[in-house]
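Peer 1: What follows is run-v1.cif, made up of mmCIF, C-alpha atoms and all ligand atoms:
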data_final
loop_
_atom_site.label_atom_id
_atom_site.label_comp_id
_atom_site.auth_asym_id
_atom_site.auth_seq_id
_atom_site.Cartn_x
_atom_site.Cartn_y
_atom_site.Cartn_z
CA MET A 20 -9.91 -84.90 2.69
CA SER A 21 -9.31 -87.90 4.90
CA ASP A 22 -11.36 -90.65 6.48
CA ARG A 23 -11.56 -91.35 10.20
CA MET A 24 -8.31 -93.34 10.14
CA GLY A 25 -6.50 -90.38 8.54
CA ALA A 26 -6.02 -92.03 5.12
CA PRO A 27 -6.76 -89.82 2.15
CA SER A 28 -10.21 -90.45 0.60
CA PRO A 29 -10.05 -91.44 -3.05
CA GLY A 30 -11.24 -88.88 -5.58
CA ARG A 31 -14.23 -89.80 -7.70
CA PHE A 32 -15.39 -88.85 -11.16
CA ILE A 33 -19.13 -88.87 -11.90
CA THR A 34 -20.67 -87.72 -15.18
CA PHE A 35 -24.24 -86.75 -16.05
CA GLU A 36 -25.55 -87.43 -19.54
CA GLY A 37 -28.73 -87.25 -21.58
CA THR A 38 -30.54 -85.11 -24.11
CA GLU A 39 -31.51 -81.53 -23.36
CA GLY A 40 -34.22 -81.01 -20.76
CA GLY A 41 -33.35 -83.97 -18.54
CA GLY A 42 -32.42 -81.69 -15.63
CA LYS A 43 -28.70 -82.46 -15.52
CA SER A 44 -27.59 -79.16 -14.03
CA THR A 45 -30.28 -79.27 -11.32
CA GLN A 46 -29.32 -82.81 -10.32
CA ILE A 47 -25.62 -81.95 -10.31
CA GLN A 48 -26.31 -79.02 -7.96
CA ILE A 49 -28.37 -81.20 -5.62
CA LEU A 50 -25.70 -83.91 -5.50
CA ALA A 51 -22.91 -81.34 -5.01
CA GLU A 52 -24.79 -79.81 -2.06
CA ARG A 53 -25.33 -83.20 -0.49
CA LEU A 54 -21.66 -84.11 -0.84
CA LYS A 55 -20.56 -80.75 0.56
CA SER A 56 -22.91 -81.15 3.53
CA GLU A 57 -21.07 -84.41 4.26
CA GLY A 58 -17.76 -82.57 4.27
CA ARG A 59 -16.57 -83.63 0.82
CA VAL A 60 -15.11 -81.37 -1.82
CA ALA A 61 -17.36 -81.47 -4.89
CA ARG A 62 -16.20 -79.75 -8.06
CA CYS A 63 -18.73 -79.13 -10.84
CA VAL A 64 -17.58 -78.77 -14.43
CA ARG A 65 -19.25 -78.89 -17.82
CA GLU A 66 -18.46 -79.98 -21.33
CA PRO A 67 -17.69 -78.56 -23.74
CA GLY A 68 -15.94 -75.99 -21.54
CA GLY A 69 -14.60 -75.90 -18.00
CA THR A 70 -11.24 -74.32 -18.91
CA ALA A 71 -10.37 -70.97 -20.49
CA LEU A 72 -9.61 -72.70 -23.79
CA GLY A 73 -12.66 -74.93 -23.55
CA GLU A 74 -15.08 -72.07 -22.87
CA GLU A 75 -13.76 -70.20 -25.94
CA VAL A 76 -14.20 -73.27 -28.15
CA ARG A 77 -17.62 -73.97 -26.58
CA SER A 78 -18.97 -70.78 -28.05
CA ILE A 79 -17.78 -71.83 -31.54
CA LEU A 80 -19.25 -75.30 -31.08
CA LYS A 81 -22.62 -73.97 -29.97
CA HIS A 82 -22.95 -71.00 -32.31
CA GLY A 83 -20.50 -71.63 -35.18
CA PHE A 84 -17.74 -69.35 -36.39
CA HIS A 85 -19.01 -66.16 -38.08
CA GLY A 86 -21.61 -68.14 -40.00
CA HIS A 87 -19.07 -70.49 -41.60
CA PRO A 88 -20.11 -74.15 -41.91
CA MET A 89 -18.58 -76.72 -39.56
CA THR A 90 -18.00 -80.29 -40.66
CA ALA A 91 -18.93 -83.20 -38.38
CA GLU A 92 -15.22 -84.11 -38.24
CA SER A 93 -14.26 -80.62 -37.05
CA GLU A 94 -17.04 -80.72 -34.47
CA LEU A 95 -15.79 -84.09 -33.20
CA MET A 96 -12.24 -82.87 -32.82
CA LEU A 97 -13.13 -79.53 -31.25
CA MET A 98 -15.29 -81.34 -28.65
CA ASN A 99 -12.35 -83.56 -27.87
CA ALA A 100 -9.83 -80.71 -27.83
CA CYS A 101 -11.93 -79.17 -25.04
CA ARG A 102 -12.05 -82.57 -23.33
CA ALA A 103 -8.30 -83.19 -23.53
CA GLN A 104 -7.69 -79.83 -21.87
CA LEU A 105 -10.33 -80.32 -19.16
CA VAL A 106 -9.09 -83.81 -18.28
CA ARG A 107 -5.49 -82.69 -17.83
CA GLU A 108 -6.01 -79.21 -16.42
CA VAL A 109 -8.90 -79.88 -14.03
CA ILE A 110 -10.24 -83.44 -13.72
CA ARG A 111 -7.04 -85.40 -13.09
CA PRO A 112 -5.59 -82.95 -10.55
CA ALA A 113 -8.94 -82.77 -8.73
CA ILE A 114 -9.28 -86.56 -8.53
CA ALA A 115 -5.67 -86.81 -7.36
CA ALA A 116 -6.49 -84.31 -4.59
CA GLY A 117 -9.39 -86.48 -3.40
CA GLU A 118 -12.17 -84.30 -4.80
CA ILE A 119 -15.46 -85.52 -6.26
CA VAL A 120 -15.71 -84.23 -9.82
CA LEU A 121 -19.25 -83.89 -11.19
CA CYS A 122 -19.21 -83.30 -14.94
CA ASP A 123 -22.18 -82.11 -17.02
CA ARG A 124 -21.64 -84.28 -20.14
CA PHE A 125 -18.47 -86.18 -21.06
CA ALA A 126 -17.33 -88.76 -23.62
CA ASP A 127 -20.71 -90.53 -23.88
CA SER A 128 -22.14 -87.33 -25.37
CA THR A 129 -19.63 -87.63 -28.20
CA VAL A 130 -20.76 -91.18 -28.91
CA ALA A 131 -24.42 -90.09 -28.85
CA TYR A 132 -24.20 -86.74 -30.69
CA GLN A 133 -21.29 -87.21 -33.11
CA GLY A 134 -21.32 -91.00 -33.39
CA PHE A 135 -25.09 -91.44 -33.68
CA GLY A 136 -26.61 -87.96 -34.17
CA ARG A 137 -24.14 -86.92 -36.87
CA GLU A 138 -23.95 -90.55 -38.03
CA MET A 139 -20.15 -90.74 -37.89
CA GLY A 140 -20.32 -94.14 -36.21
CA TRP A 141 -19.05 -95.28 -32.82
CA GLU A 142 -15.96 -96.92 -34.33
CA ARG A 143 -14.79 -93.65 -35.88
CA VAL A 144 -15.31 -91.47 -32.82
CA ARG A 145 -13.85 -93.96 -30.32
CA PRO A 146 -10.12 -93.39 -31.08
CA VAL A 147 -10.56 -89.61 -30.86
CA ILE A 148 -12.24 -89.96 -27.45
CA ASP A 149 -9.51 -92.37 -26.31
CA LEU A 150 -6.82 -89.86 -27.21
CA ALA A 151 -8.62 -87.10 -25.31
CA VAL A 152 -9.37 -89.02 -22.09
CA GLY A 153 -6.59 -91.61 -21.83
CA ALA A 154 -7.33 -93.66 -18.71
CA THR A 155 -9.62 -91.03 -17.19
CA TRP A 156 -13.03 -92.68 -17.39
CA PRO A 157 -15.91 -91.86 -15.06
CA HIS A 158 -16.41 -94.11 -12.05
CA ARG A 159 -20.14 -93.70 -12.61
CA THR A 160 -22.40 -92.08 -15.19
CA ILE A 161 -25.97 -90.99 -14.57
CA LEU A 162 -28.01 -90.99 -17.76
CA LEU A 163 -31.08 -88.81 -17.21
CA SER A 164 -33.56 -90.14 -19.71
CA VAL A 165 -36.52 -88.21 -21.11
CA PRO A 166 -38.41 -89.05 -24.32
CA VAL A 167 -37.51 -86.89 -27.32
CA GLU A 168 -40.93 -85.22 -27.26
CA VAL A 169 -40.53 -84.22 -23.59
CA SER A 170 -37.02 -82.93 -24.27
CA GLU A 171 -38.37 -80.88 -27.19
CA ALA A 172 -41.13 -79.36 -25.07
CA ARG A 173 -38.72 -78.51 -22.25
CA ARG A 174 -36.27 -76.93 -24.71
CA ALA A 175 -39.07 -74.88 -26.26
CA SER A 176 -40.34 -73.66 -22.89
CA ARG A 177 -36.79 -72.70 -21.87
CA GLY A 178 -36.38 -70.75 -25.12
CA SER A 179 -33.17 -69.45 -26.57
CA ASP A 180 -30.14 -68.15 -24.62
CA ALA A 181 -29.75 -64.68 -23.11
CA SER A 182 -28.71 -63.28 -26.48
CA GLY A 183 -31.86 -64.72 -28.09
CA ARG A 184 -30.00 -67.40 -30.06
CA ARG A 185 -30.74 -71.11 -30.34
CA ASP A 186 -27.54 -73.14 -30.60
CA ARG A 187 -26.49 -75.39 -33.51
CA PHE A 188 -27.69 -78.50 -31.69
CA GLU A 189 -31.05 -77.06 -30.63
CA GLU A 190 -31.74 -76.32 -34.28
CA GLU A 191 -31.49 -80.00 -35.24
CA ASP A 192 -34.65 -81.90 -36.16
CA ARG A 193 -36.47 -84.63 -34.27
CA ALA A 194 -34.77 -87.41 -36.27
CA PHE A 195 -31.38 -86.16 -35.05
CA PHE A 196 -32.51 -86.35 -31.41
CA HIS A 197 -33.98 -89.83 -31.94
CA ARG A 198 -30.53 -90.94 -33.15
CA VAL A 199 -28.89 -89.24 -30.14
CA GLU A 200 -31.28 -91.06 -27.82
CA ALA A 201 -30.42 -94.38 -29.52
CA GLY A 202 -26.75 -93.53 -29.00
CA PHE A 203 -27.23 -93.02 -25.26
CA ARG A 204 -29.16 -96.30 -25.06
CA ALA A 205 -26.30 -98.09 -26.83
CA VAL A 206 -23.78 -96.59 -24.39
CA ALA A 207 -25.87 -97.76 -21.41
CA ASP A 208 -26.32 -101.25 -22.87
CA ALA A 209 -22.58 -101.56 -23.46
CA ASP A 210 -21.60 -100.66 -19.88
CA PRO A 211 -24.52 -101.15 -17.50
CA HIS A 212 -22.36 -101.13 -14.36
CA ARG A 213 -20.96 -97.67 -15.05
CA VAL A 214 -23.96 -96.13 -16.81
CA ARG A 215 -27.18 -95.96 -14.75
CA VAL A 216 -30.33 -94.94 -16.60
CA ILE A 217 -32.81 -92.89 -14.61
CA ASN A 218 -36.31 -91.89 -15.72
CA ALA A 219 -36.03 -88.09 -15.50
CA THR A 220 -39.66 -87.29 -16.32
CA ARG A 221 -40.51 -87.46 -12.59
CA GLU A 222 -40.31 -84.79 -9.88
CA VAL A 223 -36.85 -83.33 -9.23
CA GLU A 224 -36.75 -84.72 -5.67
CA ALA A 225 -37.67 -88.25 -6.74
CA VAL A 226 -34.95 -88.18 -9.40
CA ALA A 227 -32.43 -86.86 -6.85
CA VAL A 228 -33.19 -89.75 -4.48
CA GLU A 229 -32.57 -92.22 -7.29
CA VAL A 230 -29.36 -90.47 -8.37
CA TRP A 231 -28.07 -90.81 -4.80
CA SER A 232 -28.96 -94.51 -4.71
CA HIS A 233 -26.76 -95.01 -7.80
CA VAL A 234 -23.68 -93.20 -6.50
CA ARG A 235 -23.61 -93.76 -2.74
CA ASP A 236 -21.52 -96.94 -3.03
CA LEU A 237 -18.67 -94.84 -4.47
CA PHE A 238 -18.05 -93.05 -1.16
P1 LIG B 301 -25.31 -77.87 -23.19
O1 LIG B 301 -24.17 -77.53 -22.32
O2 LIG B 301 -26.36 -76.85 -23.23
O3 LIG B 301 -25.80 -79.25 -22.95
O4 LIG B 301 -24.73 -77.81 -24.71
C1 LIG B 301 -23.75 -78.63 -25.15
C2 LIG B 301 -24.17 -79.16 -26.48
O5 LIG B 301 -23.05 -79.84 -27.06
C3 LIG B 301 -25.29 -80.17 -26.38
O6 LIG B 301 -26.23 -79.91 -27.39
C4 LIG B 301 -24.64 -81.50 -26.65
C5 LIG B 301 -23.43 -81.14 -27.46
N1 LIG B 301 -22.28 -82.03 -27.26
C6 LIG B 301 -21.87 -82.84 -28.33
O7 LIG B 301 -22.46 -82.79 -29.40
N2 LIG B 301 -20.81 -83.67 -28.13
C7 LIG B 301 -20.09 -83.73 -26.96
O8 LIG B 301 -19.13 -84.49 -26.85
C8 LIG B 301 -20.53 -82.86 -25.89
C9 LIG B 301 -19.78 -82.89 -24.58
C10 LIG B 301 -21.63 -82.04 -26.08
#
Please express the file's structure as structure tokens.
Peer 2:
Amino acid sequence: MSDRMGAPSPGRFITFEGTEGGGKSTQIQILAERLKSEGRVARCVREPGGTALGEEVRSILKHGFHGHPMTAESELMLMNACRAQLVREVIRPAIAAGEIVLCDRFADSTVAYQGFGREMGWERVRPVIDLAVGATWPHRTILLSVPVEVSEARRASRGSDASGRRDRFEEEDRAFFHRVEAGFRAVADADPHRVRVINATREVEAVAVEVWSHVRDLF
């Protein structure tokens, strides 16, 4: 990619965060299409996953390992093993090539789910995240916010996955998701320039317009 003067356009890294049912994947698709229609290369990835190793570990993270229990510490490190691989194998090379990387969840999910949801604390999860990401932080993060009750209803209407299973996170109770929500709020309060909170209870198109208004300055 290059601009009109022939200089290479800088790559960008944008993440989408929030509890289940906020419409992250829909908004990522809409933004990717818009960027592509403007001639940019948009690459969509997800966490945990996005690499061969990461997709394998994702299944363990979501559904456990043959019914064996998983400690919060193991969960934290497996999430970040996936992340370390994705950052080095996909995200950094793509940014270096001038692509726009759109990632469905990233490090803020670890703060919210493991730090707050699992009550490990931000201070304990931070060094693990730092090791996984190094200097690769998102240029912008869109936090699609829906109240816990709305998220619950959307999850219920979506049902379980193709194999009929609910994942380990979907099985958590309402108190867990209230803590996760508090975690996302804390992340947004700590870095309001990077993290933009959008009310995702509205129509898809209205949310998409707002998403664009929060990222357009990056291009
Ligand atoms: P999803 O792709 O359907 O959103 O599932 C991923 C699940 O993993 C979701 O419930 C959130 C959870 N998760 C964490 O607990 N910590 C993390 O760092 C990430 C990336 C996801």
Peer 1: Kindly provide, as a list in words, all nucleotide and amino acid residues lying within 7 Å of ligand LIG 301 (chain B), counting only C-alpha atoms and all ligand atoms.
Peer 2: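 Those residues are Glu39, Arg65, Glu66, Pro67, Lys81, Met98, Asn99, Arg124, Phe125, Ala126, Asp127, Ser128, Thr129, Tyr132, Gln133, Phe188 and Glu189 of chain A.
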Peer 1: Write the residues you've just listed into a file as an mmCIF file, in the coordinates of the input, and include C-alpha atoms for each of them.
Peer 2:
data_model
loop_
_atom_site.group_PDB
_atom_site.id
_atom_site.type_symbol
_atom_site.label_atom_id
_atom_site.label_comp_id
_atom_site.auth_asym_id
_atom_site.auth_seq_id
_atom_site.Cartn_x
_atom_site.Cartn_y
_atom_site.Cartn_z
ATOM 1 C CA GLU A 39 -31.510 -81.530 -23.360
ATOM 2 C CA ARG A 65 -19.250 -78.890 -17.820
ATOM 3 C CA GLU A 66 -18.460 -79.980 -21.330
ATOM 4 C CA PRO A 67 -17.690 -78.560 -23.740
ATOM 5 C CA LYS A 81 -22.620 -73.970 -29.970
ATOM 6 C CA MET A 98 -15.290 -81.340 -28.650
ATOM 7 C CA ASN A 99 -12.350 -83.560 -27.870
ATOM 8 C CA ARG A 124 -21.640 -84.280 -20.140
ATOM 9 C CA PHE A 125 -18.470 -86.180 -21.060
ATOM 10 C CA ALA A 126 -17.330 -88.760 -23.620
ATOM 11 C CA ASP A 127 -20.710 -90.530 -23.880
ATOM 12 C CA SER A 128 -22.140 -87.330 -25.370
ATOM 13 C CA THR A 129 -19.630 -87.630 -28.200
ATOM 14 C CA TYR A 132 -24.200 -86.740 -30.690
ATOM 15 C CA GLN A 133 -21.290 -87.210 -33.110
ATOM 16 C CA PHE A 188 -27.690 -78.500 -31.690
ATOM 17 C CA GLU A 189 -31.050 -77.060 -30.630
#
Peer 1: Determine, counting only C-alpha atoms, which protein, DNA and RNA residues have an atom within 12 Å of an atom of region 109-118 of chain A; residues of the same chain fewer than 2 positions away are not included. Present the result as a VMD selection string.
Peer 2: chain A and resid 20 to 22 26 to 34 51 54 to 55 58 to 66 68 to 71 73 101 to 107 120 to 122 125 152 to 158 238
Peer 1: Check the smallest atom-to-atom distance from each of A:Ser170, A:Asp236, A:Trp231, A:Thr160 to Val214 (chain A) using all atoms listed in the file, then report the winner.
Peer 2: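 The answer is A:Thr160, which sits nearest to Val214 (chain A).
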Peer 1: By how many Å are CA of Gly41 (chain A) and CA of Val228 (chain A) apart?
Peer 2: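 CA of Val228 (chain A) lies 15.2 Å from CA of Gly41 (chain A).
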Peer 1: Please provide the set of residues having any atom within 12 Å of Met139 (chain A), restricted to only C-alpha atoms, with same-chain residues fewer than 3 positions apart removed, written as an MDAnalysis selection string.
Peer 2: chainID A and resid 90:95 129:136 142:145 147 198:199 202
Peer 1: Between CA of Asp123 (chain A) and CA of Glu36 (chain A), what is the spacing in Å?
Peer 2: 6.8 Å
Peer 1: Work out how far apart CA of His233 (chain A) and CA of Arg215 (chain A) are and give it in Å to one decimal.
Peer 2: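 CA of Arg215 (chain A) lies 7.0 Å from CA of His233 (chain A).
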Peer 1: Give the answer as one residue: which of A:Glu190, A:Met96, A:Pro166, A:Val223 has the shortest atom-to-atom distance to Ser44 (chain A), using only C-alpha atoms?
Peer 2: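 Among the listed residues, the smallest separation from Ser44 (chain A) belongs to A:Val223.
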Peer 1: Might you pull out every residue within 8 Å of Gly37 (chain A), with all atoms listed in the file counted and same-chain residues fewer than 3 positions away left off, and present them as a PyMOL selection string?
Peer 2: chain A and resi 41+43+124+128+162-165+200+203
Peer 1: Near Val167 (chain A), within 8 Å and counting all atoms listed in the file, which residues show up once chain neighbours fewer than 5 positions away are dropped, as a PDB file with C-alpha atoms, keeping the file's coordinate frame?
Peer 2:
ATOM      1  CA  THR A  38     -30.540 -85.110 -24.110  1.00  0.00           C
ATOM      2  CA  ARG A 193     -36.470 -84.630 -34.270  1.00  0.00           C
ATOM      3  CA  PHE A 196     -32.510 -86.350 -31.410  1.00  0.00           C
ATOM      4  CA  HIS A 197     -33.980 -89.830 -31.940  1.00  0.00           C
ATOM      5  CA  GLU A 200     -31.280 -91.060 -27.820  1.00  0.00           C
TER       6      GLU A 200
END
Peer 1: Identify, on the basis of only C-alpha atoms, every residue whose closest approach to Arg177 (chain A) does not exceed 9 Å; exclude the query and any residue fewer than 4 positions from it along the same chain; express the result as a count of residues only.
Peer 2: 3
Peer 1: Let me make sure I understand: among A:Ile148, A:Leu72, A:Ile161, A:Leu97, which one has the smallest atom-to-atom distance to Glu229 (chain A) if we use all atoms listed in the file?
Peer 2: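 Of A:Ile148, A:Leu72, A:Ile161, A:Leu97, the one nearest Glu229 (chain A), counting all atoms listed in the file, is A:Ile161.
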Peer 1: Between A:Gly83, A:Val169, A:Arg159, A:Ser232, which residue has the minimum interatomic distance to Pro211 (chain A), considering only C-alpha atoms?
Peer 2: A:Arg159
Peer 1: Restrict the output to region 227-238 of chain A and all heavy atoms, then write it as a compact mmCIF listing (two decimals), in the first residue's frame.
Peer 2:
# COMPACT_ATOMS: atom_id res chain seq x y z
N ALA A 227 -22.06 1.14 13.66
CA ALA A 227 -20.98 1.16 12.65
C ALA A 227 -20.54 2.59 12.34
O ALA A 227 -19.34 2.86 12.18
CB ALA A 227 -21.44 0.45 11.38
N VAL A 228 -21.50 3.50 12.28
CA VAL A 228 -21.17 4.91 12.01
C VAL A 228 -20.29 5.45 13.15
O VAL A 228 -19.30 6.15 12.93
CB VAL A 228 -22.47 5.76 11.87
CG1 VAL A 228 -22.17 7.25 11.92
CG2 VAL A 228 -23.19 5.38 10.58
N GLU A 229 -20.65 5.08 14.38
CA GLU A 229 -19.86 5.57 15.51
C GLU A 229 -18.47 4.93 15.55
O GLU A 229 -17.48 5.60 15.85
CB GLU A 229 -20.61 5.34 16.83
CG GLU A 229 -20.07 6.27 17.90
CD GLU A 229 -20.81 6.17 19.23
OE1 GLU A 229 -21.98 5.75 19.24
OE2 GLU A 229 -20.19 6.53 20.24
N VAL A 230 -18.41 3.64 15.23
CA VAL A 230 -17.10 2.98 15.17
C VAL A 230 -16.20 3.75 14.21
O VAL A 230 -15.06 4.09 14.53
CB VAL A 230 -17.23 1.50 14.71
CG1 VAL A 230 -15.86 0.91 14.38
CG2 VAL A 230 -17.93 0.66 15.78
N TRP A 231 -16.73 4.05 13.02
CA TRP A 231 -15.93 4.75 12.01
C TRP A 231 -15.45 6.10 12.54
O TRP A 231 -14.29 6.49 12.35
CB TRP A 231 -16.73 4.91 10.71
CG TRP A 231 -15.94 5.62 9.64
CD1 TRP A 231 -16.17 6.86 9.13
CD2 TRP A 231 -14.76 5.12 8.98
NE1 TRP A 231 -15.22 7.18 8.19
CE2 TRP A 231 -14.34 6.12 8.08
CE3 TRP A 231 -14.02 3.94 9.07
CZ2 TRP A 231 -13.21 5.98 7.28
CZ3 TRP A 231 -12.88 3.79 8.27
CH2 TRP A 231 -12.49 4.81 7.39
N SER A 232 -16.33 6.81 13.25
CA SER A 232 -15.95 8.13 13.76
C SER A 232 -14.81 8.04 14.77
O SER A 232 -14.09 9.01 14.98
CB SER A 232 -17.18 8.84 14.38
OG SER A 232 -17.44 8.28 15.66
N HIS A 233 -14.62 6.86 15.37
CA HIS A 233 -13.55 6.69 16.36
C HIS A 233 -12.26 6.14 15.77
O HIS A 233 -11.27 6.03 16.50
CB HIS A 233 -14.02 5.77 17.49
CG HIS A 233 -14.95 6.44 18.45
ND1 HIS A 233 -14.52 7.39 19.36
CD2 HIS A 233 -16.29 6.32 18.63
CE1 HIS A 233 -15.56 7.81 20.06
NE2 HIS A 233 -16.64 7.19 19.64
N VAL A 234 -12.28 5.75 14.50
CA VAL A 234 -11.04 5.20 13.93
C VAL A 234 -10.53 5.99 12.72
O VAL A 234 -9.38 5.84 12.33
CB VAL A 234 -11.19 3.70 13.53
CG1 VAL A 234 -11.51 2.85 14.75
CG2 VAL A 234 -12.23 3.51 12.44
N ARG A 235 -11.38 6.84 12.15
CA ARG A 235 -11.02 7.47 10.87
C ARG A 235 -9.74 8.29 10.96
O ARG A 235 -9.01 8.40 9.99
CB ARG A 235 -12.18 8.30 10.32
CG ARG A 235 -12.63 9.42 11.26
CD ARG A 235 -13.85 10.12 10.73
NE ARG A 235 -13.62 10.59 9.37
CZ ARG A 235 -14.57 11.06 8.57
NH1 ARG A 235 -15.80 11.09 8.99
NH2 ARG A 235 -14.26 11.48 7.38
N ASP A 236 -9.46 8.86 12.14
CA ASP A 236 -8.24 9.69 12.27
C ASP A 236 -6.95 8.86 12.14
O ASP A 236 -5.87 9.41 12.01
CB ASP A 236 -8.24 10.42 13.62
CG ASP A 236 -8.16 9.46 14.79
OD1 ASP A 236 -9.06 8.62 14.91
OD2 ASP A 236 -7.19 9.54 15.56
N LEU A 237 -7.08 7.53 12.22
CA LEU A 237 -5.89 6.68 12.14
C LEU A 237 -5.38 6.53 10.71
O LEU A 237 -4.27 6.07 10.49
CB LEU A 237 -6.19 5.28 12.68
CG LEU A 237 -6.54 5.16 14.16
CD1 LEU A 237 -6.94 3.73 14.49
CD2 LEU A 237 -5.35 5.57 15.02
N PHE A 238 -6.23 6.92 9.73
CA PHE A 238 -5.86 6.62 8.33
C PHE A 238 -5.52 7.88 7.55
O PHE A 238 -6.10 8.90 7.75
CB PHE A 238 -7.00 5.87 7.63
CG PHE A 238 -7.49 4.69 8.41
CD1 PHE A 238 -8.76 4.68 8.97
CD2 PHE A 238 -6.63 3.62 8.67
CE1 PHE A 238 -9.20 3.61 9.73
CE2 PHE A 238 -7.05 2.55 9.41
CZ PHE A 238 -8.33 2.54 9.95
